[in-house]
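Asks: Enclosed is the structure file run_38.pdb (PDB, C-alpha atoms).
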```pdb
ATOM      1  CA  MET A 282      82.827 129.823  90.999
ATOM      2  CA  MET A 283      82.899 129.221  94.704
ATOM      3  CA  GLY A 284      79.287 129.362  95.916
ATOM      4  CA  GLY A 285      77.432 126.409  97.352
ATOM      5  CA  ASP A 286      78.557 126.984 100.933
ATOM      6  CA  ALA A 287      75.483 125.293 102.407
ATOM      7  CA  GLY A 288      76.307 122.097 104.224
ATOM      8  CA  MET A 289      79.961 123.027 104.736
ATOM      9  CA  PRO A 290      80.762 122.754 108.441
ATOM     10  CA  PRO A 291      83.844 124.811 109.323
ATOM     11  CA  LYS A 292      85.417 122.065 111.423
ATOM     12  CA  THR A 293      84.931 118.364 110.787
ATOM     13  CA  ASP A 294      87.067 115.283 110.327
ATOM     14  CA  THR A 295      84.591 113.552 108.011
ATOM     15  CA  VAL A 296      83.618 114.284 104.423
ATOM     16  CA  THR A 297      80.830 112.516 102.546
ATOM     17  CA  ALA A 298      80.949 111.379  98.952
ATOM     18  CA  ILE A 299      77.456 111.383  97.451
ATOM     19  CA  ARG A 300      76.418 108.684  94.998
ATOM     20  CA  TRP A 301      75.433 109.969  91.553
ATOM     21  CA  THR A 302      72.846 107.933  89.676
ATOM     22  CA  GLY A 303      72.001 110.496  87.014
ATOM     23  CA  SER A 304      73.431 110.745  83.545
ATOM     24  CA  MET A 305      76.981 111.872  82.831
ATOM     25  CA  ASP A 306      77.946 114.578  80.382
ATOM     26  CA  ALA A 307      79.669 113.938  77.066
ATOM     27  CA  GLU A 308      83.074 113.590  78.761
ATOM     28  CA  GLY A 309      81.894 111.171  81.430
ATOM     29  CA  PHE A 310      81.650 113.681  84.305
ATOM     30  CA  PRO A 311      78.621 114.553  86.433
ATOM     31  CA  PRO A 312      76.971 117.731  85.094
ATOM     32  CA  ASP A 313      78.174 120.902  86.804
ATOM     33  CA  ALA A 314      74.770 121.436  88.409
ATOM     34  CA  ALA A 315      75.148 118.154  90.313
ATOM     35  CA  TRP A 316      77.888 119.634  92.485
ATOM     36  CA  GLU A 317      75.671 122.381  93.885
ATOM     37  CA  THR A 318      73.726 119.877  96.003
ATOM     38  CA  VAL A 319      76.821 118.065  97.342
ATOM     39  CA  PRO A 320      78.039 118.987 100.853
ATOM     40  CA  GLY A 321      81.758 119.463 101.127
ATOM     41  CA  VAL A 322      84.536 120.809 103.277
ATOM     42  CA  GLN A 323      86.554 123.996 103.140
ATOM     43  CA  PHE A 324      89.864 125.141 104.589
ATOM     44  CA  ASP A 325      92.143 128.177 104.411
ATOM     45  CA  THR A 326      94.674 127.665 107.217
ATOM     46  CA  ASP A 327      98.245 126.472 106.844
ATOM     47  CA  TRP A 328      99.485 122.933 107.487
ATOM     48  CA  GLN A 329      99.664 123.711 111.221
ATOM     49  CA  GLY A 330      96.063 124.885 111.339
ATOM     50  CA  GLN A 331      97.120 128.533 111.709
ATOM     51  CA  ASN A 332      97.398 131.754 109.670
ATOM     52  CA  ALA A 333      94.023 131.614 107.934
ATOM     53  CA  ASP A 334      93.993 133.248 104.501
ATOM     54  CA  PRO A 335      90.418 133.566 103.153
ATOM     55  CA  ALA A 336      91.785 134.781  99.798
ATOM     56  CA  ARG A 337      93.239 131.273  99.352
ATOM     57  CA  GLU A 338      90.259 129.256 100.555
ATOM     58  CA  THR A 339      89.832 125.766  99.128
ATOM     59  CA  GLN A 340      86.534 123.874  98.877
ATOM     60  CA  VAL A 341      86.342 120.149  98.130
ATOM     61  CA  ARG A 342      83.362 117.978  97.214
ATOM     62  CA  LEU A 343      83.125 114.308  96.245
ATOM     63  CA  ILE A 344      80.720 112.279  94.123
ATOM     64  CA  TRP A 345      80.947 108.528  93.607
ATOM     65  CA  THR A 346      79.690 105.800  91.367
ATOM     66  CA  PRO A 347      80.696 102.130  91.683
ATOM     67  CA  GLU A 348      83.254 102.755  88.918
ATOM     68  CA  THR A 349      84.601 106.248  89.681
ATOM     69  CA  LEU A 350      85.357 108.659  92.510
ATOM     70  CA  PHE A 351      85.000 112.288  91.406
ATOM     71  CA  VAL A 352      86.823 114.973  93.410
ATOM     72  CA  GLU A 353      86.040 118.650  92.814
ATOM     73  CA  PHE A 354      88.341 121.439  93.994
ATOM     74  CA  ARG A 355      87.350 125.113  94.029
ATOM     75  CA  ALA A 356      90.302 127.308  94.913
ATOM     76  CA  LYS A 357      90.589 131.030  95.508
ATOM     77  CA  TYR A 358      94.015 132.331  94.547
ATOM     78  CA  LYS A 359      96.220 135.395  94.818
ATOM     79  CA  ALA A 360      98.526 134.466  91.931
ATOM     80  CA  ILE A 361      99.009 131.380  89.773
ATOM     81  CA  THR A 362     102.347 129.661  89.176
ATOM     82  CA  VAL A 363     102.421 126.544  86.984
ATOM     83  CA  TYR A 364     104.825 124.450  84.961
ATOM     84  CA  ASP A 365     104.706 124.947  81.200
ATOM     85  CA  ASP A 366     105.736 121.380  80.355
ATOM     86  CA  ALA A 367     104.435 117.882  81.035
ATOM     87  CA  ASP A 368     104.412 114.487  79.341
ATOM     88  CA  SER A 369     101.860 113.540  76.696
ATOM     89  CA  ARG A 370      99.325 112.591  79.382
ATOM     90  CA  GLY A 371      99.654 115.918  81.186
ATOM     91  CA  TRP A 372     101.496 114.053  83.979
ATOM     92  CA  ARG A 373     104.211 116.183  85.590
ATOM     93  CA  ASP A 374     106.726 115.009  88.199
ATOM     94  CA  LYS A 375     107.311 117.295  91.194
ATOM     95  CA  LEU A 376     104.051 119.071  90.434
ATOM     96  CA  TRP A 377     103.866 120.097  94.092
ATOM     97  CA  GLU A 378     106.672 122.606  93.515
ATOM     98  CA  ARG A 379     104.100 124.821  91.766
ATOM     99  CA  ASP A 380     100.422 125.592  92.524
ATOM    100  CA  VAL A 381      98.282 122.504  93.113
ATOM    101  CA  CYS A 382      95.316 121.012  94.922
ATOM    102  CA  GLU A 383      95.945 117.551  96.359
ATOM    103  CA  VAL A 384      94.041 114.592  97.759
ATOM    104  CA  PHE A 385      95.578 111.618  99.556
ATOM    105  CA  LEU A 386      93.287 108.558  99.649
ATOM    106  CA  GLN A 387      93.709 105.480 101.836
ATOM    107  CA  SER A 388      91.175 102.749 101.075
ATOM    108  CA  ASP A 389      92.680  99.956 103.215
ATOM    109  CA  PRO A 390      92.689 100.712 106.955
ATOM    110  CA  SER A 391      94.962  97.732 107.574
ATOM    111  CA  GLN A 392      97.723  99.475 105.548
ATOM    112  CA  PRO A 393      97.924 102.889 107.243
ATOM    113  CA  ARG A 394     101.262 103.806 105.681
ATOM    114  CA  LYS A 395     100.177 103.108 102.121
ATOM    115  CA  TYR A 396      97.906 105.453 100.177
ATOM    116  CA  SER A 397      97.351 107.109  96.811
ATOM    117  CA  GLU A 398      98.288 110.715  96.065
ATOM    118  CA  PHE A 399      96.639 112.830  93.369
ATOM    119  CA  GLU A 400      97.452 116.422  92.468
ATOM    120  CA  VAL A 401      96.095 118.804  89.855
ATOM    121  CA  ALA A 402      97.345 122.231  88.796
ATOM    122  CA  PRO A 403      95.302 125.199  87.552
ATOM    123  CA  ASN A 404      96.371 124.422  83.962
ATOM    124  CA  GLY A 405      95.272 120.798  84.243
ATOM    125  CA  TYR A 406      98.666 119.164  84.675
ATOM    126  CA  TRP A 407      98.466 116.330  87.173
ATOM    127  CA  ILE A 408     100.344 113.614  88.998
ATOM    128  CA  ASP A 409      99.243 110.321  90.539
ATOM    129  CA  LEU A 410     101.468 108.395  92.911
ATOM    130  CA  ALA A 411     101.332 105.238  94.988
ATOM    131  CA  ILE A 412     102.877 106.070  98.360
ATOM    132  CA  ASN A 413     104.516 103.626 100.757
ATOM    133  CA  LEU A 414     106.009 105.440 103.734
ATOM    134  CA  ASP A 415     108.070 102.359 104.563
ATOM    135  CA  GLY A 416     109.778 102.590 101.180
ATOM    136  CA  GLY A 417     112.738 104.816 100.344
ATOM    137  CA  ALA A 418     111.940 108.468  99.538
ATOM    138  CA  HIS A 419     108.304 107.808 100.561
ATOM    139  CA  GLY A 420     108.222 104.859  98.164
ATOM    140  CA  LYS A 421     106.735 106.988  95.402
ATOM    141  CA  ARG A 422     105.841 105.403  92.101
ATOM    142  CA  ASP A 423     103.650 106.353  89.156
ATOM    143  CA  LEU A 424     100.207 104.957  89.967
ATOM    144  CA  THR A 425      99.084 104.874  86.295
ATOM    145  CA  SER A 426      95.537 105.338  87.588
ATOM    146  CA  GLY A 427      93.957 106.327  84.295
ATOM    147  CA  LEU A 428      92.415 109.438  85.837
ATOM    148  CA  LYS A 429      90.645 112.088  83.787
ATOM    149  CA  ARG A 430      90.359 115.739  84.711
ATOM    150  CA  ARG A 431      88.794 119.025  83.720
ATOM    151  CA  PHE A 432      89.834 122.493  84.806
ATOM    152  CA  THR A 433      88.976 126.188  84.464
ATOM    153  CA  VAL A 434      90.431 129.475  85.705
ATOM    154  CA  ASN A 435      88.257 132.523  86.335
ATOM    155  CA  GLU A 436      90.566 135.528  86.432
ATOM    156  CA  ALA A 437      87.725 137.937  87.231
ATOM    157  CA  SER A 438      86.851 136.160  90.484
ATOM    158  CA  LYS A 439      90.417 134.889  91.078
ATOM    159  CA  THR A 440      89.275 131.290  91.404
ATOM    160  CA  TRP A 441      90.233 128.060  89.706
ATOM    161  CA  ARG A 442      88.340 124.806  89.597
ATOM    162  CA  ALA A 443      89.355 121.250  88.812
ATOM    163  CA  VAL A 444      87.494 117.942  88.822
ATOM    164  CA  LEU A 445      89.331 114.616  88.961
ATOM    165  CA  ALA A 446      87.713 111.368  87.819
ATOM    166  CA  LEU A 447      89.566 108.578  89.639
ATOM    167  CA  PRO A 448      88.844 104.989  88.564
ATOM    168  CA  MET A 449      87.835 102.939  91.609
ATOM    169  CA  LYS A 450      89.925 100.023  90.359
ATOM    170  CA  SER A 451      93.036 102.176  90.826
ATOM    171  CA  LEU A 452      92.077 102.902  94.445
ATOM    172  CA  THR A 453      90.945  99.548  95.791
ATOM    173  CA  ALA A 454      90.894  95.905  94.711
ATOM    174  CA  LYS A 455      87.211  95.617  95.614
ATOM    175  CA  PHE A 456      85.113  98.699  96.259
ATOM    176  CA  ASP A 457      82.743  98.419  99.213
ATOM    177  CA  PRO A 458      80.812 101.642  99.923
ATOM    178  CA  SER A 459      80.137 100.519 103.503
ATOM    179  CA  VAL A 460      83.859 100.793 104.330
ATOM    180  CA  MET A 461      85.095 104.122 105.667
ATOM    181  CA  TRP A 462      88.234 105.398 103.936
ATOM    182  CA  ARG A 463      90.848 107.815 105.266
ATOM    183  CA  LEU A 464      91.929 110.925 103.356
ATOM    184  CA  ASN A 465      93.271 114.448 103.494
ATOM    185  CA  PHE A 466      93.225 117.476 101.207
ATOM    186  CA  PHE A 467      96.003 119.965 100.618
ATOM    187  CA  ARG A 468      96.895 123.098  98.709
ATOM    188  CA  CYS A 469     100.169 124.681  97.578
ATOM    189  CA  GLU A 470     100.517 128.164  96.135
ATOM    190  CA  GLY A 471     103.457 130.458  95.443
ATOM    191  CA  ALA A 472     106.540 130.703  93.266
ATOM    192  CA  THR A 473     109.136 131.032  96.039
ATOM    193  CA  GLU A 474     109.394 130.366  99.763
ATOM    194  CA  PRO A 475     107.659 131.088 102.003
ATOM    195  CA  ARG A 476     104.936 129.419  99.970
ATOM    196  CA  PHE A 477     101.333 128.791 101.079
ATOM    197  CA  TYR A 478     100.952 125.202 102.298
ATOM    198  CA  SER A 479      97.377 124.520 103.376
ATOM    199  CA  SER A 480      95.843 121.374 104.859
ATOM    200  CA  TRP A 481      92.259 120.314 105.618
ATOM    201  CA  GLN A 482      93.324 118.184 108.601
ATOM    202  CA  PRO A 483      96.424 119.958 109.957
ATOM    203  CA  THR A 484      99.601 117.882 110.000
ATOM    204  CA  ARG A 485     101.232 120.185 112.583
ATOM    205  CA  THR A 486     104.772 119.262 111.580
ATOM    206  CA  PRO A 487     107.545 121.801 112.313
ATOM    207  CA  GLN A 488     108.222 122.213 108.588
ATOM    208  CA  PRO A 489     105.597 121.841 105.831
ATOM    209  CA  SER A 490     104.809 118.154 105.337
ATOM    210  CA  PHE A 491     101.638 116.528 104.070
ATOM    211  CA  HIS A 492     102.685 112.891 104.501
ATOM    212  CA  VAL A 493     101.209 112.374 107.965
ATOM    213  CA  PRO A 494      98.528 109.677 107.615
ATOM    214  CA  GLU A 495      97.911 109.650 111.365
ATOM    215  CA  VAL A 496      95.903 112.868 110.997
ATOM    216  CA  PHE A 497      93.901 111.871 107.904
ATOM    217  CA  GLY A 498      90.181 112.533 108.088
ATOM    218  CA  ARG A 499      87.429 110.107 107.149
ATOM    219  CA  LEU A 500      85.575 109.552 103.892
ATOM    220  CA  LYS A 501      82.040 108.181 104.055
ATOM    221  CA  PHE A 502      80.223 106.952 100.949
ATOM    222  CA  VAL A 503      76.563 107.943 101.056
ATOM    223  CA  THR A 504      73.627 106.953  98.861
ATOM    224  CA  PRO A 505      70.827 109.543  99.101
ATOM    225  CA  GLY A 506      67.537 107.992 100.172
ATOM    226  CA  ALA A 507      69.128 104.770 101.399
ATOM    227  CA  SER A 508      68.036 103.610 104.819
TER     228      SER A 508
END
```
Can you turn what I pasted into structure tokens?
Replies:
Amino acid sequence: MMGGDAGMPPKTDTVTAIRWTGSMDAEGFPPDAAWETVPGVQFDTDWQGQNADPARETQVRLIWTPETLFVEFRAKYKAITVYDDADSRGWRDKLWERDVCEVFLQSDPSQPRKYSEFEVAPNGYWIDLAINLDGGAHGKRDLTSGLKRRFTVNEASKTWRAVLALPMKSLTAKFDPSVMWRLNFFRCEGATEPRFYSSWQPTRTPQPSFHVPEVFGRLKFVTPGAS
């Protein structure tokens, strides 16, 4: 399902995560209906902000509690290419070489070259990485975040959906909802080059690259009804 376009400005550098105070479902996720009232962002252009492809549009919404940040992706697709193997957790290295949605999260503005990377594939395989751009090969290491995820594919509408539940303790030492975070969202699709590399905030590099924290957008944590 895509739907829920209300409150989705076409161009913005800020996304809001809405606090959820209702009950969770049996798996610890907000009920699906909760997402329909959450404003989000959408994008369908490549990493340079060009070549829009509405058939590969991505929508992203965020919900937060003091313990968890939930990230929902809704992705239109032309074809799906996924790995057929992963470890016992569903964690798969080099997941970005197949179809994925991605979020990079930077909770500490004093460390602009350090951030967390999360990816999820249409079949639910995932990867979480701690990134340090001052380290060798982007300083990637398994974040062991303890994330949970859910995922569905709707072949009739050619859409897939995934929700990540990211423990706050894996993202920041002390969560303060008054602090603005930095972040960006990405999408990869295609079995062979030229693949579709899409970015919410364009990185504008000559070749596809998502690791450009200078262009990250902003994440604001909002509590409905708070003054």
Asks: Taking into account all atoms listed in the file, which residue in the set A:Phe324, A:Phe466, A:Phe351, A:Phe497 is nearest to A:Phe310?
Replies: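 Among the listed residues, A:Phe351 lies closest to A:Phe310.
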Asks: Just the residues within 10 Å of A:Arg300, please, counting only C-alpha atoms, with nothing from its chain fewer than 6 positions along; format it as a compact mmCIF listing (two decimals) with C-alpha atoms, in the frame of the given file.
Replies:
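Result file follows (part.txt):
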```txt
# COMPACT_ATOMS: atom_id res chain seq x y z
CA VAL A 319 76.82 118.06 97.34
CA LEU A 343 83.12 114.31 96.24
CA ILE A 344 80.72 112.28 94.12
CA TRP A 345 80.95 108.53 93.61
CA THR A 346 79.69 105.80 91.37
CA PRO A 347 80.70 102.13 91.68
CA LEU A 350 85.36 108.66 92.51
CA PHE A 351 85.00 112.29 91.41
CA PRO A 458 80.81 101.64 99.92
CA PHE A 502 80.22 106.95 100.95
CA VAL A 503 76.56 107.94 101.06
CA THR A 504 73.63 106.95 98.86
CA PRO A 505 70.83 109.54 99.10
```
Asks: Evaluate the PyMOL selection byres ((chain A and resi 367) around 12) on the structure here and hand back the selected residues as JSON, numbers by chain.
Replies: {"A": [363, 364, 365, 366, 368, 369, 370, 371, 372, 373, 374, 375, 376, 402, 404, 405, 406, 407, 408]}
Asks: Assuming the chain letters and numbering stay as they are in my file, what does the PyMOL selection byres ((chain A and resi 423) around 9) actually select? List them as an MDAnalysis selection string.
Replies: chainID A and resid 408:411 421:422 424:426
Asks: Would you write out those residues with C-alpha atoms, as a PDB file, keeping the file's coordinate frame?
Replies:
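And here's part33.pdb as it stands now:
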```
ATOM      1  CA  ILE A 408     100.344 113.614  88.998  1.00  0.00           C
ATOM      2  CA  ASP A 409      99.243 110.321  90.539  1.00  0.00           C
ATOM      3  CA  LEU A 410     101.468 108.395  92.911  1.00  0.00           C
ATOM      4  CA  ALA A 411     101.332 105.238  94.988  1.00  0.00           C
ATOM      5  CA  LYS A 421     106.735 106.988  95.402  1.00  0.00           C
ATOM      6  CA  ARG A 422     105.841 105.403  92.101  1.00  0.00           C
ATOM      7  CA  LEU A 424     100.207 104.957  89.967  1.00  0.00           C
ATOM      8  CA  THR A 425      99.084 104.874  86.295  1.00  0.00           C
ATOM      9  CA  SER A 426      95.537 105.338  87.588  1.00  0.00           C
TER      10      SER A 426
END
```
Asks: Could you tell me which residues the PyMOL selection byres ((chain A and resi 334) around 12) grabs in this file, written as an NGL selection string?
Replies: :A and (323-327 or 330-333 or 335-339 or 356-359 or 470 or 477-479)
Asks: How many Å lie between atom CA of A:Thr440 and atom CA of A:Ala472, rounded to one decimal?
Replies: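 Value for the atom CA of A:Thr440-atom CA of A:Ala472 distance: 17.4 Å.
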Asks: Smallest atom-to-atom distance to A:Pro483: which of A:Asp380, A:Asp415, A:Glu348, A:Asp294, using all atoms listed in the file?
Replies: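 Comparing A:Asp380, A:Asp415, A:Glu348, A:Asp294 against A:Pro483, the winner is A:Asp294.
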Asks: Which residues come within 6 Å of A:Val352, counting all atoms listed in the file, excluding same-chain residues fewer than 4 positions away, as a list in words?
Replies: Arg342, Leu343, Val444 and Leu445 of chain A
Asks: Of the residues A:Asp313, A:Ser388, A:Lys455, A:Phe467, which is the one nearest to A:Lys501, using all atoms listed in the file?
Replies: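 That would be A:Ser388, the residue with the smallest distance to A:Lys501.
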Asks: Of the candidates A:Asn413, A:Thr349, A:Ser397, A:Ser480, which shows the shortest atom-to-atom distance to A:Thr302, using only C-alpha atoms?
Replies: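 The shortest atom-to-atom distance to A:Thr302 comes from A:Thr349.
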Asks: I'd like to know which of A:Gly498, A:Gly471, A:Gly321, A:Gly506 is closest to A:Thr484, using all atoms listed in the file.
Replies: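 Between A:Gly498, A:Gly471, A:Gly321, A:Gly506, the residue approaching A:Thr484 most closely is A:Gly498.
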Asks: Can you work out which one of A:Arg476, A:Arg431, A:Arg442, A:Lys395 has the shortest atom-to-atom distance to A:Thr362, counting all atoms listed in the file?
Replies: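 Checking each of A:Arg476, A:Arg431, A:Arg442, A:Lys395 against A:Thr362, counting all atoms listed in the file, the winner is A:Arg476.
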Asks: What separation in Å, quoted to one decimal, exists between atom CA of A:Glu353 and atom CA of A:Thr295?
Replies: 16.1 Å
Asks: I'd like the interatomic distance between atom CA of A:Cys382 and atom CA of A:Arg468, to a tenth of an Å.
Replies: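 Interatomic distance, atom CA of A:Cys382 to atom CA of A:Arg468: 4.6 Å.
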Asks: Residues at most 9 Å from A:Gln387, counting all atoms listed in the file, excluding those fewer than 2 positions away in the same chain, as a count of residues only?
Replies: 16
Asks: Let me know the centre plus edge lengths, in Å and rounded to one decimal, of a box with edges along x, y and z that contains all listed atoms of stretch 378-389 of chain A and is padded by 8 Å on every side, as lines of an AutoDock Vina configuration file.
Replies:
```
center_x = 98.9
center_y = 112.8
center_z = 97.5
size_x = 31.5
size_y = 41.6
size_z = 27.4
```
